[in-house]
file target19.cif (mmCIF, C-alpha atoms)
data_start
loop_
_atom_site.label_atom_id
_atom_site.label_comp_id
_atom_site.auth_asym_id
_atom_site.auth_seq_id
_atom_site.Cartn_x
_atom_site.Cartn_y
_atom_site.Cartn_z
CA MET A 1 137.20 46.14 129.51
CA THR A 2 140.13 47.50 127.52
CA ASP A 3 142.68 49.89 129.03
CA HIS A 4 141.49 52.61 126.64
CA ARG A 5 137.88 52.15 127.74
CA GLN A 6 138.89 52.19 131.42
CA ASP A 7 140.84 55.44 130.93
CA GLU A 8 137.88 56.99 129.14
CA LEU A 9 135.53 55.94 131.93
CA ARG A 10 137.85 57.37 134.61
CA ARG A 11 138.10 60.69 132.73
CA HIS A 12 134.32 60.84 132.45
CA GLN A 13 133.93 60.12 136.18
CA ASP A 14 136.48 62.80 137.02
CA ARG A 15 134.65 65.36 134.87
CA MET A 16 131.31 64.50 136.44
CA ALA A 17 132.82 64.75 139.94
CA THR A 18 134.17 68.22 139.10
CA VAL A 19 130.85 69.33 137.65
CA GLY A 20 129.02 67.96 140.69
CA ALA A 21 131.31 69.75 143.13
CA THR A 22 130.94 73.02 141.22
CA LEU A 23 127.17 72.67 141.02
CA ALA A 24 126.92 71.94 144.74
CA GLY A 25 129.01 75.03 145.53
CA VAL A 26 126.85 77.27 143.35
CA ALA A 27 123.68 75.84 144.88
CA HIS A 28 124.92 76.54 148.40
CA GLU A 29 125.80 80.12 147.43
CA LEU A 30 122.29 80.68 146.03
CA ASN A 31 120.53 79.45 149.17
CA ASN A 32 121.05 82.59 151.29
CA PRO A 33 119.92 85.24 148.76
CA LEU A 34 116.92 83.12 147.78
CA ALA A 35 115.94 82.69 151.43
CA ALA A 36 116.20 86.48 151.89
CA ILE A 37 114.01 87.16 148.83
CA VAL A 38 111.38 84.66 149.98
CA GLY A 39 111.41 85.99 153.55
CA PHE A 40 111.17 89.69 152.71
CA SER A 41 108.51 89.11 150.04
CA GLN A 42 106.43 87.25 152.62
CA LEU A 43 106.81 90.16 155.05
CA LEU A 44 105.78 92.66 152.39
CA LEU A 45 102.73 90.59 151.45
CA LYS A 46 101.40 91.00 155.00
CA LYS A 47 100.79 94.70 154.22
CA SER A 48 98.07 96.27 152.10
CA TRP A 49 99.04 96.95 148.49
CA PRO A 50 97.33 98.05 145.29
CA GLU A 51 96.27 95.01 143.26
CA ASP A 52 99.02 95.34 140.63
CA ASP A 53 101.73 95.66 143.29
CA ARG A 54 100.38 92.64 145.18
CA VAL A 55 100.39 90.54 142.01
CA ALA A 56 104.02 91.53 141.39
CA LEU A 57 105.03 90.67 144.97
CA GLU A 58 103.25 87.33 144.78
CA ALA A 59 105.12 86.58 141.55
CA ILE A 60 108.44 87.43 143.22
CA GLN A 61 107.63 85.21 146.20
CA HIS A 62 106.43 82.34 144.00
CA GLU A 63 109.41 82.36 141.65
CA ALA A 64 111.93 82.69 144.49
CA SER A 65 110.31 79.73 146.25
CA ARG A 66 110.40 77.71 143.04
CA SER A 67 114.07 78.58 142.54
CA ALA A 68 114.82 77.52 146.11
CA ALA A 69 113.11 74.19 145.41
CA ILE A 70 115.29 73.70 142.32
CA VAL A 71 118.42 74.43 144.37
CA LYS A 72 117.31 71.91 147.00
CA ASP A 73 116.77 69.25 144.34
CA LEU A 74 120.13 70.01 142.73
CA LEU A 75 121.88 69.51 146.06
CA ALA A 76 120.06 66.20 146.54
CA LEU A 77 121.05 65.16 143.03
CA VAL A 78 124.78 65.86 143.32
CA ARG A 79 125.48 65.10 146.96
CA LYS A 80 127.89 62.25 147.58
CA ARG A 81 126.32 59.01 148.71
CA GLY A 82 128.08 56.03 150.19
CA VAL A 83 127.24 52.77 151.87
CA THR A 84 128.48 53.89 155.29
CA GLY A 85 125.01 55.04 156.34
CA HIS A 86 123.18 51.99 155.04
CA VAL A 87 121.59 49.98 157.86
CA PRO A 88 118.58 47.63 158.12
CA THR A 89 115.56 49.93 157.81
CA ASP A 90 111.81 49.37 158.18
CA LEU A 91 110.28 50.58 154.91
CA ASN A 92 106.73 50.25 156.29
CA ASP A 93 107.63 52.64 159.09
CA ILE A 94 108.93 55.18 156.55
CA VAL A 95 105.80 54.94 154.41
CA SER A 96 103.54 55.30 157.47
CA TYR A 97 105.50 58.33 158.70
CA ILE A 98 105.40 60.11 155.32
CA MET A 99 101.68 59.43 154.96
CA ARG A 100 100.96 60.77 158.46
CA THR A 101 102.65 64.04 157.55
CA ARG A 102 100.87 64.37 154.19
CA ARG A 103 97.43 62.81 154.74
CA TYR A 104 95.66 65.96 155.94
CA THR A 105 96.83 68.07 152.99
CA LEU A 106 95.92 65.36 150.50
CA GLU A 107 92.47 64.67 151.93
CA THR A 108 91.73 68.39 152.18
CA ALA A 109 92.36 68.52 148.41
CA GLY A 110 89.95 65.62 147.91
CA ILE A 111 92.62 62.97 147.39
CA ALA A 112 92.01 59.77 149.35
CA CYS A 113 95.00 57.88 150.77
CA GLU A 114 95.23 54.12 150.91
CA LEU A 115 98.01 52.03 152.45
CA GLU A 116 98.49 48.32 151.81
CA LEU A 117 101.59 47.39 153.78
CA ASP A 118 102.89 43.85 154.09
CA PRO A 119 103.09 43.22 157.86
CA HIS A 120 105.83 40.65 157.31
CA LEU A 121 107.97 42.88 155.09
CA PRO A 122 111.69 42.33 155.76
CA CYS A 123 113.94 45.30 156.40
CA VAL A 124 115.87 46.86 153.54
CA VAL A 125 119.49 47.92 153.88
CA GLY A 126 119.60 51.62 153.21
CA GLU A 127 119.85 55.18 154.49
CA ARG A 128 116.57 56.26 156.05
CA THR A 129 116.63 59.89 154.91
CA GLN A 130 117.20 58.83 151.31
CA LEU A 131 114.48 56.18 151.47
CA GLU A 132 112.14 58.84 152.86
CA GLN A 133 113.04 61.01 149.87
CA ILE A 134 112.01 58.22 147.48
CA VAL A 135 108.58 57.84 149.09
CA LEU A 136 108.01 61.59 149.42
CA ASN A 137 109.04 62.38 145.83
CA LEU A 138 106.81 59.67 144.37
CA LEU A 139 103.91 60.79 146.57
CA ASN A 140 104.38 64.44 145.59
CA ASN A 141 104.63 63.45 141.93
CA ALA A 142 101.29 61.65 142.13
CA GLU A 143 99.62 64.49 144.02
CA GLN A 144 100.82 67.25 141.71
CA ALA A 145 99.91 65.36 138.57
CA MET A 146 96.36 64.89 139.86
CA ARG A 147 96.03 68.50 140.99
CA ALA A 148 97.35 69.96 137.75
CA SER A 149 95.64 67.77 135.20
CA VAL A 150 92.15 67.01 136.46
CA ASP A 151 89.05 69.14 136.84
CA ALA A 152 87.83 68.13 140.29
CA PRO A 153 84.02 68.51 139.91
CA GLU A 154 83.99 66.57 136.63
CA ARG A 155 86.15 63.87 138.11
CA LEU A 156 83.95 63.57 141.14
CA ARG A 157 80.96 62.85 138.91
CA ARG A 158 82.87 60.30 136.83
CA ARG A 159 84.54 58.41 139.66
CA SER A 160 82.41 58.71 142.75
CA GLY A 161 81.56 55.00 142.80
CA GLY A 162 83.36 53.14 145.58
CA ARG A 163 84.89 56.35 146.95
CA ASN A 164 84.56 58.18 150.18
CA LYS A 165 82.08 61.00 149.76
CA GLY A 166 83.77 64.17 148.56
CA MET A 167 86.95 62.46 147.36
CA VAL A 168 87.95 63.12 143.77
CA GLY A 169 90.96 60.83 143.47
CA LYS A 170 93.05 58.24 145.25
CA ILE A 171 96.72 57.52 145.86
CA SER A 172 97.66 54.01 146.96
CA ILE A 173 100.99 53.00 148.46
CA ARG A 174 101.80 49.31 148.79
CA THR A 175 104.70 47.24 150.03
CA ARG A 176 105.27 43.53 149.45
CA SER A 177 107.97 40.90 149.16
CA MET A 178 108.88 39.35 145.83
CA GLY A 179 111.46 36.60 146.23
CA ASP A 180 114.50 38.19 147.82
CA GLN A 181 113.35 41.70 146.95
CA VAL A 182 111.21 44.30 148.68
CA VAL A 183 108.75 46.13 146.42
CA LEU A 184 107.29 49.60 146.93
CA GLU A 185 104.42 50.74 144.70
CA VAL A 186 102.97 54.25 144.51
CA GLU A 187 99.85 54.41 142.35
CA ASP A 188 97.39 57.16 141.50
CA ASP A 189 94.20 57.08 139.48
CA GLY A 190 94.93 60.38 137.77
CA PRO A 191 95.05 61.07 134.03
CA GLY A 192 98.03 58.80 133.40
CA ILE A 193 101.17 59.61 131.42
CA PRO A 194 100.95 59.80 127.61
CA ASP A 195 103.10 57.33 125.69
CA ASP A 196 105.27 60.07 124.21
CA MET A 197 106.19 61.34 127.69
CA GLN A 198 107.02 58.06 129.40
CA ASN A 199 110.71 58.22 128.48
CA GLU A 200 111.00 61.99 128.91
CA ILE A 201 109.96 61.97 132.58
CA TRP A 202 113.36 60.51 133.55
CA ASN A 203 115.26 63.45 132.02
CA PRO A 204 116.53 66.19 134.37
CA PHE A 205 114.36 69.35 134.42
CA TYR A 206 111.61 67.79 132.32
CA THR A 207 108.16 68.71 133.61
CA SER A 208 104.72 68.79 132.05
CA ARG A 209 103.08 70.63 134.94
CA ALA A 210 101.11 73.72 134.18
CA GLY A 211 102.78 76.94 135.28
CA SER A 212 106.15 75.18 135.69
CA GLU A 213 105.26 74.13 139.23
CA GLY A 214 107.63 71.17 139.14
CA THR A 215 111.41 71.29 139.07
CA GLY A 216 111.69 68.24 136.83
CA LEU A 217 114.18 66.63 139.23
CA GLY A 218 111.96 64.55 141.51
CA LEU A 219 112.01 61.34 139.46
CA VAL A 220 115.68 61.80 138.58
CA ILE A 221 116.50 61.92 142.29
CA VAL A 222 114.34 58.85 142.92
CA ARG A 223 116.12 56.89 140.20
CA ASP A 224 119.53 58.02 141.49
CA ILE A 225 118.83 57.02 145.10
CA VAL A 226 117.26 53.71 144.12
CA SER A 227 120.28 52.90 141.95
CA ASP A 228 122.62 53.73 144.84
CA HIS A 229 120.67 51.21 146.93
CA GLY A 230 121.11 48.47 144.34
CA GLY A 231 117.51 48.62 143.14
CA ALA A 232 115.46 49.68 140.15
CA VAL A 233 112.41 51.89 139.59
CA GLU A 234 109.90 51.37 136.79
CA LEU A 235 106.82 53.11 135.44
CA ASP A 236 103.65 51.18 134.73
CA ALA A 237 101.22 53.43 132.88
CA SER A 238 99.71 50.83 130.59
CA VAL A 239 96.15 51.45 131.81
CA ALA A 240 94.55 54.78 130.90
CA GLY A 241 93.86 56.92 133.95
CA MET A 242 96.38 55.11 136.15
CA THR A 243 100.03 55.66 136.93
CA ARG A 244 102.09 53.29 139.05
CA PHE A 245 105.75 53.58 139.98
CA SER A 246 107.33 50.37 141.27
CA VAL A 247 110.58 50.39 143.23
CA ARG A 248 112.42 47.13 143.80
#
call {"tool": "encode", "arguments": {"input": "target19.cif", "output": "structure tokens"}}
result
Amino acid sequence: MTDHRQDELRRHQDRMATVGATLAGVAHELNNPLAAIVGFSQLLLKKSWPEDDRVALEAIQHEASRSAAIVKDLLALVRKRGVTGHVPTDLNDIVSYIMRTRRYTLETAGIACELELDPHLPCVVGERTQLEQIVLNLLNNAEQAMRASVDAPERLRRRSGGRNKGMVGKISIRTRSMGDQVVLEVEDDGPGIPDDMQNEIWNPFYTSRAGSEGTGLGLVIVRDIVSDHGGAVELDASVAGMTRFSVR
């Protein structure tokens, strides 16, 4: 690399570090007022209100909660990460823990959960909280895509074969070894991702969810954490009605 190119790269890194520090500071400053708005709106919603007033309060509470979620994702995106916290970690244990915390909500919504975990999976060197974030973000992404894009009764009629009664969809999480790599797969049998969106989903703040439910940062955070752990994440949406994210 030439000296000119190295200088240009250092200047770019310095600018990004400054932007990241500024963004983190702004996000922290927004946390308290957003928490107050969410809290007081929830208190007000416990009282009786005329219909129009209740709709307005629900909108305030919803949008404040969504803004708080964006702030949380921004902080995750810009926080400094290093190798100091990377230790041998059981990925199967992380997947099992996340699924235990989410299974009831998913199954109540008619989404079946399936785990296929390699019992001989070697540990990965990483930071547990960040690895948990990878699994949780991919799981949430699958759940929200299925909830937003599919009419449940119609889907139940189309896909009831081989399913537990009353289930309208399925999310599968798998782990396996591939040479010297550990592979995590999160797959859903939802509507899939159209070809023209498959590159866009990796852009910050991009979301196709109805009502702007998503922040558009979940997959960006996943890619960032995976990269920091020396891995790669890929989308496999080649089969209609199926989406699979693979992390190596």
call {"tool": "closest_residue", "arguments": {"input": "target19.cif", "among": "A:Ile70, A:Phe245, A:Trp49, A:Ile60", "to": "Ala36 of chain A", "atoms": "only C-alpha atoms"}}
result
A:Ile60
call {"tool": "atom_distance", "arguments": {"input": "target19.cif", "atom1": "atom CA of Leu43 of chain A", "atom2": "atom CA of Ala68 of chain A"}}
result
17.4 Å
call {"tool": "atom_distance", "arguments": {"input": "target19.cif", "atom1": "atom CA of Ile221 of chain A", "atom2": "atom CA of Ala69 of chain A"}}
result
13.1 Å
call {"tool": "resolve_selection", "arguments": {"input": "target19.cif", "expression": "the PyMOL selection byres ((chain A and resi 61) around 9)", "output": "list in words"}}
result
Ile37, Val38, Gly39, Phe40, Ser41, Gln42, Leu45, Ala56, Leu57, Glu58, Ala59, Ile60, His62, Glu63, Ala64, Ser65 and Arg66 of chain A
call {"tool": "resolve_selection", "arguments": {"input": "target19.cif", "expression": "the PyMOL selection byres ((chain A and resi 137) around 12)", "output": "ChimeraX atom specification"}}
result
/A:73,76,95,98,102,130-136,138-144,186,214-223,225,245
call {"tool": "atom_distance", "arguments": {"input": "target19.cif", "atom1": "atom CA of Cys123 of chain A", "atom2": "atom CA of Pro88 of chain A"}}
result
5.5 Å
call {"tool": "closest_residue", "arguments": {"input": "target19.cif", "among": "A:Leu121, A:Ala27, A:Met146, A:Ala112", "to": "Arg174 of chain A", "atoms": "all atoms listed in the file"}}
result
A:Leu121
call {"tool": "closest_residue", "arguments": {"input": "target19.cif", "among": "A:Val55, A:Asn92, A:Val71, A:Leu106", "to": "Ala35 of chain A", "atoms": "all atoms listed in the file"}}
result
A:Val71
call {"tool": "closest_residue", "arguments": {"input": "target19.cif", "among": "A:Val124, A:Ala145, A:Cys113, A:Leu184", "to": "Ser172 of chain A", "atoms": "only C-alpha atoms"}}
result
A:Cys113
call {"tool": "resolve_selection", "arguments": {"input": "target19.cif", "expression": "the PyMOL selection byres ((chain A and resi 169) around 7)", "output": "PyMOL selection string"}}
result
chain A and resi 110-112+167-168+170+189-190
call {"tool": "closest_residue", "arguments": {"input": "target19.cif", "among": "A:Asp188, A:Ser67, A:Gly179, A:Thr129", "to": "Asn32 of chain A", "atoms": "all atoms listed in the file"}}
result
A:Ser67
call {"tool": "residues_near_point", "arguments": {"input": "target19.cif", "point": "(109.6, 47.1, 140.2)", "cutoff": "8 Å", "atoms": "only C-alpha atoms", "output": "PyMOL selection string"}}
result
chain A and resi 183-185+232-234+245-248
